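Next up, my_file.cif (mmCIF, C-alpha atoms and all ligand atoms):
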data_data
#
loop_
_atom_site.label_atom_id
_atom_site.label_comp_id
_atom_site.auth_asym_id
_atom_site.auth_seq_id
_atom_site.Cartn_x
_atom_site.Cartn_y
_atom_site.Cartn_z
CA MET P 1 -1.59 13.37 -99.53
CA SER P 2 -1.94 13.41 -95.74
CA VAL P 3 0.24 10.39 -94.90
CA ALA P 4 3.84 9.79 -95.93
CA THR P 5 6.71 7.58 -94.78
CA ALA P 6 10.39 8.43 -95.06
CA ARG P 7 13.56 6.63 -94.15
CA ALA P 8 16.66 8.69 -93.36
CA HIS P 9 20.03 7.48 -92.17
CA VAL P 10 22.35 8.37 -89.35
CA ASN P 11 25.30 10.48 -90.39
CA ILE P 12 28.62 10.69 -88.59
CA ALA P 13 30.60 13.90 -88.83
CA LEU P 14 34.26 13.83 -89.84
CA ALA P 15 34.30 17.59 -89.23
CA LYS P 16 32.04 18.22 -86.25
CA TYR P 17 29.14 20.60 -85.77
CA TRP P 18 29.60 21.97 -82.26
CA GLY P 19 28.04 25.32 -81.40
CA LYS P 20 25.27 27.56 -82.70
CA ARG P 21 25.37 31.10 -84.03
CA ASN P 22 21.58 31.46 -83.82
CA ALA P 23 19.64 29.20 -81.46
CA ALA P 24 16.17 30.36 -82.60
CA LEU P 25 16.84 29.37 -86.22
CA ASN P 26 19.21 26.56 -85.19
CA LEU P 27 22.04 27.90 -87.35
CA PRO P 28 25.43 26.27 -86.65
CA ALA P 29 28.45 28.32 -85.59
CA VAL P 30 30.81 26.12 -87.60
CA PRO P 31 30.72 24.24 -90.90
CA SER P 32 30.66 20.44 -90.73
CA LEU P 33 31.12 17.46 -93.04
CA SER P 34 29.70 13.99 -92.52
CA ALA P 35 29.31 10.51 -93.96
CA GLY P 36 25.94 8.75 -94.13
CA ILE P 37 25.77 5.28 -92.56
CA GLU P 38 24.05 2.62 -94.63
CA ASP P 39 22.64 0.34 -91.93
CA LEU P 40 21.61 2.84 -89.26
CA TRP P 41 18.36 4.59 -90.01
CA THR P 42 15.05 5.91 -88.75
CA GLU P 43 11.80 5.35 -90.54
CA ALA P 44 8.94 7.75 -89.75
CA GLU P 45 5.34 7.59 -90.86
CA VAL P 46 3.69 11.00 -90.53
CA GLU P 47 -0.02 11.58 -90.86
CA PHE P 48 -1.72 14.96 -90.56
CA GLY P 49 -5.40 15.06 -89.69
CA PRO P 50 -8.06 16.54 -87.40
CA PHE P 51 -6.53 14.94 -84.29
CA ALA P 52 -6.85 16.56 -80.85
CA GLN P 53 -3.07 16.83 -80.50
CA ASP P 54 0.26 15.85 -82.00
CA SER P 55 1.45 12.38 -81.01
CA LEU P 56 4.70 10.48 -81.30
CA GLU P 57 5.25 6.75 -81.00
CA ILE P 58 8.82 5.45 -81.03
CA ASP P 59 9.43 1.74 -81.50
CA GLY P 60 5.82 1.02 -80.57
CA ALA P 61 5.73 3.04 -77.33
CA PRO P 62 4.60 6.64 -76.64
CA ALA P 63 7.54 9.04 -76.61
CA GLU P 64 8.77 10.79 -73.48
CA PRO P 65 7.35 14.32 -72.96
CA GLY P 66 10.66 16.01 -73.88
CA GLU P 67 10.87 14.14 -77.18
CA LEU P 68 7.24 14.93 -77.99
CA ASP P 69 7.74 18.64 -77.19
CA ARG P 70 10.56 18.87 -79.71
CA VAL P 71 8.41 17.27 -82.40
CA VAL P 72 5.44 19.53 -81.56
CA ARG P 73 7.68 22.59 -82.05
CA PHE P 74 8.88 21.15 -85.35
CA PHE P 75 5.30 20.48 -86.47
CA ASP P 76 4.34 24.06 -85.48
CA LEU P 77 6.89 25.17 -88.08
CA LEU P 78 5.44 22.78 -90.67
CA ARG P 79 1.90 24.01 -89.92
CA GLU P 80 3.01 27.61 -90.31
CA ARG P 81 4.59 26.82 -93.69
CA ALA P 82 1.55 24.84 -94.90
CA GLY P 83 -1.07 27.24 -93.48
CA THR P 84 -2.88 24.47 -91.62
CA ALA P 85 -4.00 23.69 -88.09
CA LEU P 86 -4.01 19.91 -88.60
CA ARG P 87 -2.20 17.84 -85.96
CA GLY P 88 0.41 15.22 -86.72
CA ARG P 89 0.65 11.59 -85.71
CA VAL P 90 4.09 10.01 -85.98
CA ARG P 91 5.06 6.38 -85.79
CA SER P 92 8.80 5.89 -85.99
CA HIS P 93 11.33 3.19 -85.47
CA SER P 94 15.09 3.24 -85.47
CA HIS P 95 17.74 0.64 -86.10
CA PHE P 96 20.25 1.54 -83.39
CA PRO P 97 20.44 2.42 -79.69
CA ARG P 98 18.71 5.76 -79.31
CA ALA P 99 20.42 8.75 -77.69
CA ALA P 100 23.67 6.83 -77.20
CA GLY P 101 25.82 9.25 -79.16
CA LEU P 102 25.01 7.81 -82.58
CA ALA P 103 23.38 11.08 -83.68
CA SER P 104 19.89 9.63 -83.79
CA SER P 105 18.29 13.10 -83.84
CA ALA P 106 19.83 13.49 -87.31
CA SER P 107 18.06 10.53 -88.88
CA ALA P 108 14.86 11.21 -86.91
CA PHE P 109 14.44 14.86 -87.92
CA ALA P 110 15.52 14.22 -91.50
CA ALA P 111 12.84 11.51 -91.77
CA LEU P 112 10.28 13.77 -90.07
CA ALA P 113 11.08 16.66 -92.40
CA MET P 114 10.78 14.50 -95.51
CA ALA P 115 7.63 12.68 -94.46
CA GLY P 116 6.02 15.77 -92.87
CA ALA P 117 6.63 18.00 -95.91
CA ALA P 118 5.25 15.28 -98.21
CA ALA P 119 2.21 14.67 -95.99
CA LEU P 120 1.40 18.40 -96.14
CA ASP P 121 2.16 18.64 -99.87
CA LEU P 122 4.74 21.39 -99.40
CA GLY P 123 6.46 20.48 -102.67
CA TYR P 124 9.95 20.90 -101.19
CA GLY P 125 13.13 19.97 -103.05
CA SER P 126 16.24 18.60 -101.33
CA ALA P 127 17.69 21.98 -100.30
CA GLN P 128 14.41 23.08 -98.71
CA LEU P 129 14.08 19.72 -96.94
CA SER P 130 17.63 20.02 -95.62
CA ALA P 131 17.00 23.54 -94.28
CA LEU P 132 13.74 22.36 -92.71
CA ALA P 133 15.41 19.33 -91.10
CA ARG P 134 18.09 21.69 -89.71
CA ARG P 135 15.42 23.51 -87.72
CA GLY P 136 14.67 20.20 -85.97
CA SER P 137 18.32 19.29 -85.39
CA GLY P 138 21.45 20.76 -86.94
CA SER P 139 22.96 17.43 -87.91
CA ALA P 140 19.65 16.38 -89.53
CA ALA P 141 20.30 18.84 -92.37
CA ARG P 142 23.05 16.44 -93.52
CA SER P 143 20.87 13.28 -93.47
CA VAL P 144 18.72 14.51 -96.35
CA TYR P 145 21.50 13.17 -98.59
CA GLY P 146 23.53 9.97 -98.55
CA GLY P 147 27.29 9.79 -98.96
CA TYR P 148 29.54 12.68 -97.93
CA VAL P 149 27.67 15.85 -97.04
CA GLU P 150 28.71 19.33 -95.90
CA ILE P 151 26.84 22.23 -94.35
CA GLY P 152 28.39 25.69 -94.13
CA VAL P 153 27.54 28.72 -92.03
CA SER P 154 25.04 31.46 -92.74
CA ASP P 155 22.74 33.89 -90.96
CA GLU P 156 19.84 32.92 -93.20
CA ASP P 157 17.11 30.38 -92.49
CA ASP P 158 17.57 28.76 -95.92
CA LEU P 159 20.95 27.32 -94.88
CA ALA P 160 21.05 23.77 -96.27
CA ALA P 161 23.58 20.99 -96.62
CA VAL P 162 25.07 19.95 -99.96
CA ARG P 163 26.47 16.64 -101.11
CA VAL P 164 30.25 16.81 -101.48
CA ALA P 165 30.77 13.30 -102.86
CA THR P 166 28.85 10.09 -103.28
CA ALA P 167 29.74 7.05 -101.22
CA ALA P 168 31.15 5.49 -104.39
CA HIS P 169 33.77 8.26 -104.60
CA LEU P 170 35.46 6.86 -101.47
CA PRO P 171 33.72 3.62 -100.45
CA LEU P 172 34.69 3.20 -96.81
CA ASP P 173 33.40 0.62 -94.36
CA VAL P 174 32.59 1.48 -90.76
CA ALA P 175 32.80 -0.37 -87.48
CA ILE P 176 30.73 1.03 -84.65
CA VAL P 177 31.88 0.19 -81.17
CA VAL P 178 28.79 0.54 -79.02
CA ALA P 179 30.34 1.21 -75.64
CA SER P 180 26.96 1.91 -74.09
CA ASP P 181 23.39 1.79 -75.28
CA GLN P 182 22.24 3.83 -72.31
CA LYS P 183 20.73 7.23 -72.85
CA LYS P 184 23.32 9.99 -72.51
CA SER P 185 23.44 11.91 -69.24
CA VAL P 186 24.02 15.23 -71.05
CA SER P 187 22.36 16.02 -74.39
CA SER P 188 24.47 17.37 -77.26
CA ARG P 189 22.34 20.46 -77.32
CA ARG P 190 22.95 21.28 -73.65
CA ALA P 191 26.64 20.44 -73.83
CA MET P 192 27.25 22.60 -76.89
CA THR P 193 25.39 25.52 -75.31
CA SER P 194 27.53 25.10 -72.22
CA SER P 195 30.69 25.02 -74.39
CA ALA P 196 29.76 28.35 -75.96
CA GLN P 197 29.07 29.89 -72.55
CA THR P 198 31.86 28.41 -70.46
CA SER P 199 34.66 26.68 -72.39
CA PRO P 200 37.77 28.85 -72.82
CA TYR P 201 38.57 26.83 -75.96
CA TYR P 202 35.26 27.48 -77.72
CA ALA P 203 36.38 30.66 -79.51
CA ALA P 204 39.47 28.90 -80.89
CA TRP P 205 37.31 25.99 -82.03
CA VAL P 206 34.95 28.28 -83.94
CA GLU P 207 37.86 30.21 -85.44
CA GLY P 208 39.66 27.07 -86.61
CA ALA P 209 36.67 25.16 -87.95
CA PRO P 210 36.42 26.62 -91.49
CA LYS P 211 40.05 25.71 -92.28
CA ALA P 212 39.60 22.26 -90.72
CA VAL P 213 36.58 21.53 -92.90
CA VAL P 214 38.40 22.63 -96.05
CA GLY P 215 41.27 20.27 -95.19
CA ILE P 216 38.90 17.36 -94.63
CA ARG P 217 36.95 18.10 -97.82
CA GLU P 218 40.15 18.34 -99.87
CA ALA P 219 41.48 15.05 -98.51
CA LEU P 220 38.15 13.39 -99.27
CA LEU P 221 37.97 14.73 -102.81
CA ALA P 222 41.61 13.72 -103.45
CA ARG P 223 40.93 10.26 -101.94
CA ASP P 224 43.92 10.92 -99.67
CA PHE P 225 43.07 8.46 -96.90
CA ALA P 226 46.06 9.30 -94.70
CA ALA P 227 45.23 13.02 -94.67
CA LEU P 228 41.52 12.34 -94.16
CA ALA P 229 42.35 10.11 -91.19
CA GLU P 230 44.72 12.57 -89.49
CA ARG P 231 42.47 15.58 -90.02
CA SER P 232 39.25 13.84 -88.97
CA GLU P 233 40.75 12.45 -85.76
CA ARG P 234 42.22 15.83 -84.89
CA ASN P 235 38.89 17.57 -85.46
CA CYS P 236 37.12 15.03 -83.26
CA LEU P 237 39.63 15.36 -80.43
CA ALA P 238 39.52 19.17 -80.70
CA MET P 239 35.74 19.09 -80.22
CA HIS P 240 36.13 16.90 -77.15
CA ALA P 241 38.89 19.16 -75.80
CA VAL P 242 36.32 21.98 -75.90
CA THR P 243 33.82 19.99 -73.80
CA PHE P 244 36.49 18.82 -71.32
CA ALA P 245 36.91 22.51 -70.46
CA ASN P 246 33.17 23.22 -70.08
CA ASP P 247 32.10 24.37 -66.61
CA PRO P 248 31.01 21.90 -65.35
CA PRO P 249 33.24 19.69 -67.52
CA VAL P 250 31.66 17.25 -69.95
CA VAL P 251 33.49 13.99 -70.63
CA PHE P 252 31.68 11.87 -73.19
CA PHE P 253 34.39 9.18 -73.25
CA SER P 254 34.26 5.95 -71.31
CA GLY P 255 37.31 3.80 -70.62
CA LEU P 256 36.47 1.70 -73.66
CA THR P 257 36.30 4.83 -75.83
CA LEU P 258 39.95 5.57 -75.08
CA GLN P 259 40.96 1.95 -75.56
CA VAL P 260 39.46 2.06 -79.06
CA VAL P 261 41.21 5.39 -79.79
CA HIS P 262 44.61 3.88 -78.94
CA CYS P 263 43.86 0.65 -80.75
CA VAL P 264 42.95 2.45 -83.99
CA ARG P 265 46.01 4.71 -83.79
CA GLU P 266 48.22 1.65 -83.35
CA LEU P 267 46.52 -0.09 -86.26
CA ARG P 268 47.17 2.89 -88.52
CA ALA P 269 50.77 3.21 -87.34
CA GLY P 270 51.11 -0.43 -88.41
CA GLY P 271 49.81 0.36 -91.91
CA VAL P 272 46.10 -0.47 -91.51
CA PRO P 273 43.99 2.25 -93.17
CA ALA P 274 41.54 3.05 -90.36
CA PHE P 275 40.61 6.11 -88.28
CA PHE P 276 38.19 6.88 -85.48
CA THR P 277 35.65 9.52 -84.66
CA ILE P 278 33.49 10.05 -81.57
CA ASP P 279 30.31 12.08 -81.19
CA ALA P 280 28.61 13.27 -78.03
CA GLY P 281 28.71 9.88 -76.31
CA PRO P 282 31.08 7.01 -75.56
CA ASN P 283 30.62 5.06 -78.81
CA VAL P 284 33.38 5.11 -81.41
CA VAL P 285 32.92 4.94 -85.16
CA VAL P 286 35.89 3.55 -87.05
CA PHE P 287 36.14 4.26 -90.78
CA PHE P 288 38.37 1.95 -92.81
CA GLU P 289 39.13 0.77 -96.30
CA PRO P 290 37.14 -2.43 -97.05
CA ASP P 291 40.33 -4.52 -97.43
CA ALA P 292 41.19 -3.76 -93.81
CA ARG P 293 38.07 -5.48 -92.45
CA ASP P 294 39.84 -8.50 -90.94
CA ALA P 295 42.54 -6.42 -89.26
CA VAL P 296 40.02 -3.94 -87.85
CA ALA P 297 37.54 -6.60 -86.71
CA GLY P 298 40.30 -8.69 -85.15
CA ALA P 299 41.71 -5.81 -83.14
CA LEU P 300 38.40 -4.28 -82.04
CA SER P 301 36.77 -7.56 -81.06
CA LYS P 302 39.42 -8.00 -78.34
CA LEU P 303 38.36 -4.81 -76.57
CA GLY P 304 34.71 -5.29 -75.53
CA GLY P 305 31.52 -3.43 -76.25
CA THR P 306 29.23 -4.45 -79.08
CA LEU P 307 30.62 -4.28 -82.61
CA ARG P 308 28.45 -3.41 -85.59
CA PHE P 309 29.64 -3.13 -89.15
CA SER P 310 28.26 -1.03 -91.95
CA LYS P 311 29.52 1.21 -94.71
CA VAL P 312 29.26 4.77 -95.96
CA GLY P 313 26.02 5.30 -97.90
CA GLY P 314 22.59 6.05 -96.57
CA GLU P 315 20.51 7.50 -99.41
CA PRO P 316 17.18 8.54 -97.84
CA THR P 317 13.91 7.33 -99.32
CA LEU P 318 10.33 8.58 -99.35
CA GLN P 319 7.38 6.26 -99.88
C1 LIG W 401 27.88 16.36 -85.45
N1 LIG W 401 27.02 16.38 -83.14
O1 LIG W 401 28.41 17.13 -86.27
C2 LIG W 401 28.11 16.71 -83.99
C3 LIG W 401 29.28 16.04 -83.41
C4 LIG W 401 27.42 15.69 -81.98
C5 LIG W 401 28.89 15.68 -82.01
O2 LIG W 401 25.53 17.38 -84.42
O3 LIG W 401 20.94 21.08 -81.12
O4 LIG W 401 21.85 16.90 -82.00
O5 LIG W 401 19.80 19.32 -82.45
O6 LIG W 401 21.14 21.09 -83.59
O7 LIG W 401 22.41 17.97 -84.24
C6 LIG W 401 24.79 16.75 -82.33
O8 LIG W 401 24.08 17.92 -82.35
O9 LIG W 401 22.25 19.36 -82.18
C7 LIG W 401 25.80 16.87 -83.37
P1 LIG W 401 20.97 20.25 -82.37
P2 LIG W 401 22.56 17.95 -82.77
O10 LIG W 401 27.24 15.34 -85.78
#

Would you write the structure of this file as structure tokens?
Ligand code: 2P0
Amino acid sequence: MSVATARAHVNIALAKYWGKRNAALNLPAVPSLSAGIEDLWTEAEVEFGPFAQDSLEIDGAPAEPGELDRVVRFFDLLRERAGTALRGRVRSHSHFPRAAGLASSASAFAALAMAGAAALDLGYGSAQLSALARRGSGSAARSVYGGYVEIGVSDEDDLAAVRVATAAHLPLDVAIVVASDQKKSVSSRRAMTSSAQTSPYYAAWVEGAPKAVVGIREALLARDFAALAERSERNCLAMHAVTFANDPPVVFFSGLTLQVVHCVRELRAGGVPAFFTIDAGPNVVVFFEPDARDAVAGALSKLGGTLRFSKVGGEPTLQ
């Protein structure tokens, strides 16, 4: 086969990946745990052939040089593994605002890893695909599975994510408050590097992360929504506290971000089973029990931004 198409979904971390222990191998400094999102995905068609150079088309237009460079480096790794000099041609499209803090590099590199490995007949299983996707983007290692997925820490290049639970174990809905669909001013990668180099809270974050992930995993496996909500929100705010103290400081929140944070906390205080999380951008993802849909939609729709609804899921597919 020299052409393959894969669809992989966005994942949103309940326990955040923030920091690297090895930049060359893209190994995370902390474990993380995420949920796949059913309706947000990237589809990538990858073809390897005797082309003059690698090319990347996103939503019908040629990619920016920086985006292409990252894919070329990823394809260099694929070529090394497959023992080939063939160049790759990618056509991809995504179903969400790119680079707006919805972790689009996760779905993109997971789809590229799956389609690229298939196009080059590498014969990889899920763990190898996850480890390969990680080299493209740390969070992409988690998008090789749907449902609830965790990745630990290791010094080895075979570090891969594992599925902790299917979506059916705890079927949550999600509301995404798109506060901005503009491209971020600071990339996650740059901001997390700056955290490691300059934030006085980074060491405490790395030290506390393993225990935080265990707590989130245990709450998930026990279907203890209240504990999952408290622990996930705290982990999210701890990550942002690290970036607030970067030099120069990084504030991913907008005014609307904080309005949603307060709104969701008030909802939960009033008995509505919902919690928020925020990645490296102003958008907020609210997880909630399906019965709470009307309460969540009613409260969030008063605040502004664009609201999108989905649910936990996101099983990737390869054609
Ligand atoms: C996460 N984020 O766990 C965290 C929370 C953003 C905030 O993973 O450098 O784009 O490509 O490995 O995967 C974003 O980091 O970083 C991220 P790279 P990535 O989802």

Hey, which residues come within 8 Å of ligand LIG 401 (chain W) if we count only C-alpha atoms and all ligand atoms? Could you give them as a count of residues only? 37

Gap from atom CA of Phe288 of chain P to atom CA of Pro273 of chain P - Å, one decimal: 5.6 Å

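Excluding Arg234 of chain P itself and same-chain residues fewer than 6 positions from it, the residues having an atom within 10 Å of it are Leu14, Ala15, Ala212, Leu228, His240, Phe276 and Thr277 of chain P, counting all atoms listed in the file.
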
For Leu300 of chain P, list every protein, DNA or RNA residue within 12 Å, evaluated using all atoms listed in the file, and leave out those in the same chain fewer than 2 positions away; present the list as a PyMOL selection string. chain P and resi 174-179+256-257+259-267+274+276+284-286+293-298+302-309

Hey, can you pull every residue with an atom no more than 8 Å from (21.4, 1.9, -86.2), using only C-alpha atoms, and send it as a PyMOL selection string? chain P and resi 10+39-42+94-97+102

Write out as a list in words the residues lying within 9 Å of Ser2 of chain P, counting all atoms listed in the file and excluding same-chain residues fewer than 4 positions away.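 Once the adjacent positions are removed, what remains is Val46, Glu47, Phe48, Gly49, Gly116, Ala118, Ala119, Leu120 and Asp121 of chain P.
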
List every residue of segment 142-214 of chain P that has an atom at most 6 Å from any atom of segment 246-250 of chain P, and for each one report the closest atom pair and its distance in Å to one decimal, counting all atoms listed in the file, with rows sorted by chain and then by increasing residue number, as a tab-separated table.
residue	atom	partner	partner_atom	distance
P:Ser195	CA	P:Asn246	CA	5.3
P:Thr198	CA	P:Asn246	CA	5.4
P:Ser199	CA	P:Asn246	CA	4.4

Scan for residues within 9 Å of the point (10.0, 9.2, -102.7) in the coordinates of the file, using only C-alpha atoms, and reply as a compact mmCIF listing (two decimals) with C-alpha atoms, in the frame of the given file.
# COMPACT_ATOMS: atom_id res chain seq x y z
CA THR P 5 6.71 7.58 -94.78
CA ALA P 6 10.39 8.43 -95.06
CA MET P 114 10.78 14.50 -95.51
CA ALA P 118 5.25 15.28 -98.21
CA PRO P 316 17.18 8.54 -97.84
CA THR P 317 13.91 7.33 -99.32
CA LEU P 318 10.33 8.58 -99.35
CA GLN P 319 7.38 6.26 -99.88
